[in-house]
Amino acid sequence: MKPPTSTATSYLLLAPLAILLLVFVLPSLRPWSRAGSSSDDGLGVLCARRAGFVDVVAAAAPPPAETRPLAESFSLLVGVLTMPSRRERRDIVRMAYALQPAPAAEAEGVARARVDVRFVFCRVTDPVDAALVAVESQRHGDILVLDDCAENMNDGKTYAYLSSVPRLFAAEPYDYVMKTDDDTYLRVAALAGELRGKPRDDVYLGYGYAMGGQPMPFMHGMGYVVSWDVAAWVAGAGADGILARNDTRGPEDLMVGKWLNLAGRGKNRYDLKPRMYDLNWDMDNFRPDTVAVHMLKTNQRWAATFRYFNVVTAGITPSELYHRP
């Protein structure tokens with residue numbers, strides 16, 4: 001006769017099966033956590049950088065909900081006017097923005113700014129450039145092509161850019177719109193600090209150029225900011241006069257100043273000299289409080305800029321594969 005099986009003995013037999021269930025089966029049924037997920041939910045900062053965003057309060061992960069700002073204090077679109085063939089320069093400029101050290105934390109209760117960087121072309125006609133620009137756009141998501149202009153510097157590209165922005169971003173307007181060049185290094189946090197607290201309308205800010213006894217009838221082309229309403233005026237009510245006078249052709253920075261002066265626009269003007277400046281021949285006039293430095297037309301000049309502002313080495317992760325020179 002078979003002896004009776006006790007309850008304790010049954011539990012002992014089931015224990016190994018329970019352990020196997022806990023170790024191998026349940027984890028496969030559990031959804032991926034945010035930290036280990038391969039979905040887009042876990043790539044907040046990386047996706048933002050890939051799409052051309054520069055967060056002036058960059059962090060490795062989103063702050064807790066209770067400390068996260070409820071709203072952005074302002075938004076800025078930075079249009080970097082460049083040419084399709086300057087792919088190496090665009091890669092340098094992307095690194096220049098993506099690797100800028102995060103600024104010190106802002107005051108409690110002050111919301112952060114959102115700054116979106118886009119590379120601006122006129123229509124791309126060369127088939128090789130067209131194919132490579134299409135791939136670049138898919139990879140980085142930061143390309144803006146204006147189909148209503150031919151590639152140029154002083155023959156209407158700036159007008160095409162400023163007049164297109166209000167239409168292209170009508171669903172989500174920016175507070176400010178900036179035009180800058182691909183030989184300008186813009187320190188985003190410093191510019192955000194200058195814009196914070198400024199009016200949101202009728203703004204014209206940059207390197208003021210004195211002429212004819214006036215302190216700043218126009219801003220230097222290295223980079224200038226207008227408020228959204230000024231860009232909307234260029235695209236709308238101001239367009240007829242600008243086009244009738246053929247004022248899209250000529251030194252683009254001087255022309256923008258002319259449009260605004262004739263119409264009495266951009267009355268809130270801010271001169272950021274000497275924090276915006278041209279790099280001199282000897283490359284020895286960098287300033288620690290720089291907002292923008294211009295004339296970086298060679299890799300040597302970009303390298304000098306990176307060294308001065310310690311763009312990479314300030315936060316580089318130690319590695320046996322990399323040794324600082």
# chains A, B, ... in the order shown; residues from 1 in each chain; ligands from 1
call {"tool": "select_by_dssp", "arguments": {"residues": "stretch 137-196 of chain A", "states": "strand (DSSP E)", "output": "number ranges by chain"}}
result
A: 143-146, 176-181, 185-186
call {"tool": "write_last_selection", "arguments": {"atoms": "N, CA and C atoms", "output": "compact mmCIF listing (two decimals), in the first residue's frame"}}
result
# COMPACT_ATOMS: atom_id res chain seq x y z
N ILE A 143 16.74 70.17 -41.16
CA ILE A 143 16.92 70.83 -42.44
C ILE A 143 15.64 71.56 -42.83
N LEU A 144 15.80 72.80 -43.29
CA LEU A 144 14.67 73.60 -43.76
C LEU A 144 15.00 74.09 -45.17
N VAL A 145 14.24 73.62 -46.17
CA VAL A 145 14.48 73.98 -47.57
C VAL A 145 13.39 74.94 -48.03
N LEU A 146 13.80 76.10 -48.54
CA LEU A 146 12.89 77.11 -49.04
C LEU A 146 12.80 76.97 -50.56
N TYR A 176 10.46 84.20 -30.75
CA TYR A 176 11.52 84.93 -31.45
C TYR A 176 12.04 84.09 -32.62
N VAL A 177 12.55 84.79 -33.63
CA VAL A 177 13.14 84.14 -34.80
C VAL A 177 14.53 84.74 -35.00
N MET A 178 15.52 83.88 -35.19
CA MET A 178 16.89 84.35 -35.39
C MET A 178 17.40 83.93 -36.74
N LYS A 179 18.15 84.82 -37.37
CA LYS A 179 18.93 84.49 -38.56
C LYS A 179 20.39 84.53 -38.16
N THR A 180 21.15 83.48 -38.50
CA THR A 180 22.58 83.49 -38.26
C THR A 180 23.27 82.72 -39.37
N ASP A 181 24.60 82.68 -39.35
CA ASP A 181 25.38 82.06 -40.42
C ASP A 181 26.11 80.83 -39.90
N TYR A 185 29.54 80.98 -34.03
CA TYR A 185 29.34 80.11 -32.87
C TYR A 185 28.45 80.85 -31.88
N LEU A 186 27.26 80.33 -31.70
CA LEU A 186 26.28 80.95 -30.81
C LEU A 186 26.26 80.21 -29.49
call {"tool": "select_by_dssp", "arguments": {"residues": "stretch 199-258 of chain A", "states": "alpha helix (DSSP H)", "output": "list in words"}}
result
Trp228, Asp229, Val230, Ala231, Ala232, Trp233, Val234, Ala235, Ala239, Asp240, Gly241, Ile242, Leu243, Ala244, Glu252, Asp253, Leu254, Met255, Val256, Gly257 and Lys258 of chain A
call {"tool": "write_last_selection", "arguments": {"atoms": "C-alpha atoms", "output": "mmCIF file, in the first residue's frame"}}
result
data_model
loop_
_atom_site.group_PDB
_atom_site.id
_atom_site.type_symbol
_atom_site.label_atom_id
_atom_site.label_comp_id
_atom_site.auth_asym_id
_atom_site.auth_seq_id
_atom_site.Cartn_x
_atom_site.Cartn_y
_atom_site.Cartn_z
ATOM 1 C CA TRP A 228 7.501 86.725 -34.061
ATOM 2 C CA ASP A 229 5.303 89.732 -34.899
ATOM 3 C CA VAL A 230 8.158 91.327 -36.856
ATOM 4 C CA ALA A 231 8.641 88.157 -38.926
ATOM 5 C CA ALA A 232 4.866 88.004 -39.456
ATOM 6 C CA TRP A 233 4.926 91.613 -40.687
ATOM 7 C CA VAL A 234 7.710 90.766 -43.173
ATOM 8 C CA ALA A 235 5.587 87.893 -44.461
ATOM 9 C CA ALA A 239 5.870 92.245 -48.156
ATOM 10 C CA ASP A 240 4.365 94.497 -50.840
ATOM 11 C CA GLY A 241 6.594 97.451 -49.978
ATOM 12 C CA ILE A 242 9.732 95.324 -49.666
ATOM 13 C CA LEU A 243 9.152 93.656 -53.026
ATOM 14 C CA ALA A 244 8.072 96.861 -54.778
ATOM 15 C CA GLU A 252 21.066 91.308 -46.343
ATOM 16 C CA ASP A 253 21.651 92.687 -42.857
ATOM 17 C CA LEU A 254 21.449 96.291 -44.080
ATOM 18 C CA MET A 255 18.272 95.490 -46.055
ATOM 19 C CA VAL A 256 16.518 94.027 -42.999
ATOM 20 C CA GLY A 257 17.328 97.198 -41.070
ATOM 21 C CA LYS A 258 15.977 99.286 -43.945
#
call {"tool": "residues_around", "arguments": {"residues": "A:Arg196", "least_positions_apart": "3", "cutoff": "9 Å", "atoms": "only C-alpha atoms", "output": "PyMOL selection string"}}
result
chain A and resi 73-74+113+191-193+199
call {"tool": "write_last_selection", "arguments": {"atoms": "C-alpha atoms", "output": "PDB file, in the first residue's frame"}}
result
ATOM      1  CA  SER A  73       9.434  80.918 -20.667  1.00  0.00           C
ATOM      2  CA  PHE A  74       9.936  81.551 -24.381  1.00  0.00           C
ATOM      3  CA  ALA A 113      13.598  78.348 -22.870  1.00  0.00           C
ATOM      4  CA  LEU A 191      21.568  84.367 -25.722  1.00  0.00           C
ATOM      5  CA  ALA A 192      18.661  82.932 -23.746  1.00  0.00           C
ATOM      6  CA  GLY A 193      19.811  84.991 -20.775  1.00  0.00           C
ATOM      7  CA  PRO A 199       9.471  92.185 -24.630  1.00  0.00           C
TER       8      PRO A 199
END
call {"tool": "closest_residue", "arguments": {"among": "A:Arg187, A:Val124, A:Leu76, A:Trp259", "to": "A:Cys149", "atoms": "only C-alpha atoms"}}
result
A:Val124
call {"tool": "closest_residue", "arguments": {"among": "A:Glu194, A:Gly250, A:Pro288, A:Asp201", "to": "A:Tyr270", "atoms": "only C-alpha atoms"}}
result
A:Glu194
call {"tool": "closest_residue", "arguments": {"among": "A:Ala292, A:Ala189, A:Leu262, A:Val115", "to": "A:Arg245", "atoms": "only C-alpha atoms"}}
result
A:Leu262
call {"tool": "atom_distance", "arguments": {"atom1": "atom CA of A:Phe169", "atom2": "atom CA of A:Tyr97"}}
result
22.0 Å
